[in-house]
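Novice: This is start.cif, which holds mmCIF, C-alpha atoms:
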data_data
#
loop_
_atom_site.label_atom_id
_atom_site.label_comp_id
_atom_site.auth_asym_id
_atom_site.auth_seq_id
_atom_site.Cartn_x
_atom_site.Cartn_y
_atom_site.Cartn_z
CA GLN D 629 147.54 132.63 79.41
CA VAL D 630 146.19 133.33 82.89
CA GLN D 631 144.77 130.88 85.39
CA LEU D 632 142.60 131.62 88.40
CA VAL D 633 142.32 128.97 91.10
CA GLU D 634 139.69 129.31 93.80
CA SER D 635 139.54 127.55 97.14
CA GLY D 636 137.67 127.75 100.42
CA GLY D 637 134.15 126.77 99.51
CA GLY D 638 132.16 124.22 101.44
CA LEU D 639 129.13 123.47 103.55
CA VAL D 640 128.31 125.68 106.54
CA GLN D 641 125.33 126.28 108.75
CA ALA D 642 123.43 129.55 108.62
CA GLY D 643 125.23 132.18 110.66
CA GLY D 644 128.59 130.63 109.98
CA SER D 645 131.60 131.90 108.08
CA LEU D 646 133.76 130.91 105.14
CA ARG D 647 136.78 132.48 103.49
CA LEU D 648 137.28 132.15 99.76
CA SER D 649 140.65 132.60 98.10
CA CYS D 650 141.55 133.07 94.45
CA ALA D 651 145.11 133.06 93.16
CA ALA D 652 145.97 134.29 89.69
CA SER D 653 149.00 132.99 87.84
CA GLY D 654 150.47 132.97 84.37
CA ASN D 655 151.26 135.79 81.98
CA ILE D 656 150.36 138.66 84.29
CA VAL D 657 151.86 142.13 84.10
CA SER D 658 149.42 143.75 86.45
CA ILE D 659 145.80 143.35 87.48
CA ASN D 660 143.30 146.20 87.43
CA ALA D 661 140.58 144.58 89.44
CA MET D 662 139.63 141.29 91.00
CA GLY D 663 136.25 140.24 92.18
CA TRP D 664 133.72 137.59 93.01
CA TYR D 665 130.53 136.61 91.25
CA ARG D 666 128.05 133.91 92.18
CA GLN D 667 125.45 131.83 90.43
CA ALA D 668 122.67 130.02 92.21
CA PRO D 669 120.72 127.18 90.54
CA GLY D 670 118.29 128.56 87.99
CA LYS D 671 119.56 132.11 88.35
CA GLN D 672 121.88 134.37 86.41
CA ARG D 673 125.42 135.00 87.54
CA GLU D 674 125.54 138.09 89.73
CA LEU D 675 128.29 140.37 90.96
CA VAL D 676 129.07 140.00 94.65
CA SER D 677 132.09 142.20 95.23
CA THR D 678 135.03 143.76 93.44
CA ILE D 679 138.23 145.46 94.49
CA ARG D 680 140.09 147.82 92.19
CA SER D 681 143.34 149.63 92.83
CA GLY D 682 142.80 153.12 94.19
CA ARG D 683 139.07 152.73 94.74
CA SER D 684 136.82 151.61 97.55
CA PRO D 685 135.58 148.03 97.27
CA TYR D 686 132.17 147.41 95.79
CA TYR D 687 129.61 145.16 97.45
CA ALA D 688 126.21 144.03 96.29
CA ASP D 689 123.48 145.24 98.63
CA SER D 690 122.69 141.66 99.60
CA VAL D 691 126.13 141.12 101.15
CA LYS D 692 127.00 144.55 102.55
CA GLY D 693 128.04 144.38 106.18
CA ARG D 694 128.56 140.61 106.00
CA PHE D 695 131.22 140.06 103.32
CA THR D 696 134.66 141.64 103.12
CA ILE D 697 136.89 141.56 100.07
CA SER D 698 140.65 141.99 100.27
CA ARG D 699 143.58 141.63 97.94
CA ASP D 700 147.26 140.75 98.18
CA ASN D 701 148.83 142.38 95.14
CA ALA D 702 152.19 140.73 95.69
CA LYS D 703 150.53 137.32 95.46
CA ASN D 704 147.91 138.26 92.83
CA THR D 705 145.36 136.85 95.23
CA VAL D 706 141.92 138.02 96.26
CA TYR D 707 139.98 136.90 99.30
CA LEU D 708 136.33 137.01 100.26
CA GLN D 709 135.55 136.73 103.96
CA MET D 710 131.92 135.73 104.30
CA ASN D 711 130.28 136.08 107.71
CA SER D 712 126.71 135.65 108.93
CA LEU D 713 126.00 133.41 105.98
CA LYS D 714 122.43 132.84 104.93
CA PRO D 715 120.86 130.00 102.93
CA GLU D 716 120.31 132.46 100.08
CA ASP D 717 124.09 132.82 99.81
CA THR D 718 124.21 129.27 98.48
CA ALA D 719 125.75 129.35 95.01
CA VAL D 720 128.82 128.60 92.97
CA TYR D 721 131.24 131.45 93.53
CA TYR D 722 133.48 132.51 90.66
CA CYS D 723 136.61 134.60 90.80
CA ASN D 724 137.24 137.20 88.10
CA ALA D 725 140.33 139.22 87.21
CA GLU D 726 140.65 142.14 84.80
CA LEU D 727 144.17 142.56 83.50
CA ASN D 728 145.86 145.90 82.94
CA THR D 729 146.81 145.26 79.33
CA VAL D 730 145.48 145.87 75.85
CA GLY D 731 141.77 145.25 75.76
CA TYR D 732 141.57 144.74 79.54
CA PRO D 733 140.83 141.02 79.20
CA ASN D 734 138.83 139.24 81.85
CA TYR D 735 139.60 135.80 83.21
CA TRP D 736 137.49 133.45 85.29
CA GLY D 737 138.12 130.73 87.79
CA GLN D 738 136.43 127.35 87.68
CA GLY D 739 134.10 128.15 90.56
CA THR D 740 133.78 126.90 94.11
CA GLN D 741 130.56 125.69 95.71
CA VAL D 742 129.25 127.41 98.82
CA THR D 743 126.29 125.74 100.52
CA VAL D 744 124.60 127.27 103.55
CA SER D 745 122.17 125.03 105.41
CA SER D 746 119.29 126.40 107.45
#
Output the structure of this file as structure tokens.

Specialist:
Amino acid sequence: QVQLVESGGGLVQAGGSLRLSCAASGNIVSINAMGWYRQAPGKQRELVSTIRSGRSPYYADSVKGRFTISRDNAKNTVYLQMNSLKPEDTAVYYCNAELNTVGYPNYWGQGTQVTVSS
């Protein structure tokens, strides 16, 4: 089994910054990709950013130029640096990991709340 534990969420004023972290542990051989999704109240979960070995990171248009994803492979940890936060960034942020094993299973964290006040 694999566990993903997120941290770093909180309350921040518009224009501020937060850094999310997500550490994967458990029965891990290797990880293909890690990423962040978010879900605002009344909306569907949406992809924010992903980072995959050997490829450039992906960012949703809404966060390009403001968010930066990075990964520490040795620690099986992914980070999301969020700058110039806007109220519309308010959501529960979920970490995702795709394992490099049969079936490429996906695992999710429990979510961390990010609230941006205007």

Novice: Select, from D:Val706, D:Val720, D:Ser658, D:Ala688, the residue with the minimum atom-to-atom distance to Tyr732 (chain D), counting all atoms listed in the file.

Specialist: D:Ser658

Novice: Around (133.5, 133.8, 89.7) in the file's frame, which residues reach within 7 Å when counting only C-alpha atoms? Return as a list in words?

Specialist: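 The requested residues, written out, are Trp664, Tyr665, Arg666, Tyr721, Tyr722, Cys723, Asn724, Trp736, Gly737 and Gly739 of chain D.
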
Novice: From the set D:Pro733, D:Gly693, D:Gly663, D:Gly638, which residue has the shortest atom-to-atom contact distance to Cys650 (chain D), counting all atoms listed in the file?

Specialist: D:Gly663

Novice: Thr696 (chain D): which residues within 10 Å, counting all atoms listed in the file, same-chain residues fewer than 3 positions away excluded, as an MDAnalysis selection string?

Specialist: chainID D and resid 647 677:678 685:687 691:693 707:711

Novice: Counting all atoms listed in the file, which of D:Ser698, D:Ser645, D:Gln672, D:Thr740 gets nearest to Val633 (chain D)?

Specialist: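 Among D:Ser698, D:Ser645, D:Gln672, D:Thr740, it is D:Thr740 that comes nearest to Val633 (chain D).
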
Novice: Have a look at D:Gly637, D:Arg699, D:Ala642, D:Arg694 and name the one nearest to Ala661 (chain D); count all atoms listed in the file.

Specialist: D:Arg699

Novice: When you look at Ala702 (chain D) with a cut-off of 12 Å (counting only C-alpha atoms), what residues show up, excluding the ones that are within fewer than 4 positions of it in the same chain? I need them as a ChimeraX atom specification.

Specialist: /D:651-653,656-659,706

Novice: Have a look at CA of Gln738 (chain D) and CA of Asn655 (chain D) and let me know their distance in Å, one decimal.

Specialist: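 About the pair CA of Gln738 (chain D) and CA of Asn655 (chain D): they are 18.0 Å apart.
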
Novice: For Val640 (chain D), which residue among D:Leu675, D:Leu713, D:Ala725, D:Ala719 is the nearest when counting all atoms listed in the file?

Specialist: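 With all atoms listed in the file as the atom set, the closest residue is D:Leu713.
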
Novice: Taking the file as I've supplied it (selection: the PyMOL selection byres ((chain D and resi 635) around 6)), which residues are included? Please answer as a PDB file with C-alpha atoms, in the coordinates of the input.

Specialist:
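Output file out-v2.pdb is given in full below:
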ATOM      1  CA  GLU D 634     139.690 129.310  93.800  1.00  0.00           C
ATOM      2  CA  GLY D 636     137.670 127.750 100.420  1.00  0.00           C
ATOM      3  CA  GLY D 637     134.150 126.770  99.510  1.00  0.00           C
ATOM      4  CA  LEU D 648     137.280 132.150  99.760  1.00  0.00           C
ATOM      5  CA  SER D 649     140.650 132.600  98.100  1.00  0.00           C
TER       6      SER D 649
END

Novice: Kindly resolve the PyMOL selection byres ((chain D and resi 718) around 6) on the present coordinates and return the residues as a tab-separated table (two decimals) with C-alpha atoms, in the frame of the given file.

Specialist:
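Writing done, so here's out.tsv:
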chain	number	residue	atom	x	y	z
D	715	PRO	CA	120.86	130.00	102.93
D	716	GLU	CA	120.31	132.46	100.08
D	717	ASP	CA	124.09	132.82	99.81
D	719	ALA	CA	125.75	129.35	95.01
D	742	VAL	CA	129.25	127.41	98.82
D	743	THR	CA	126.29	125.74	100.52
D	744	VAL	CA	124.60	127.27	103.55

Novice: Suppose you want the space between CA of Ser681 (chain D) and CA of Asn660 (chain D); what is it in Å?

Specialist: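 According to the coordinates, CA of Ser681 (chain D) and CA of Asn660 (chain D) are separated by 6.4 Å.
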
Novice: Calculate how many Å separate CA of Asn734 (chain D) from CA of Asp689 (chain D), rounding to one decimal.

Specialist: 23.5 Å

Novice: Pick the closest to Ser690 (chain D) from D:Ser745, D:Gly670, D:Lys703, D:Lys714: which is it, counting all atoms listed in the file?

Specialist: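 Selected residue with least distance to Ser690 (chain D): D:Lys714.
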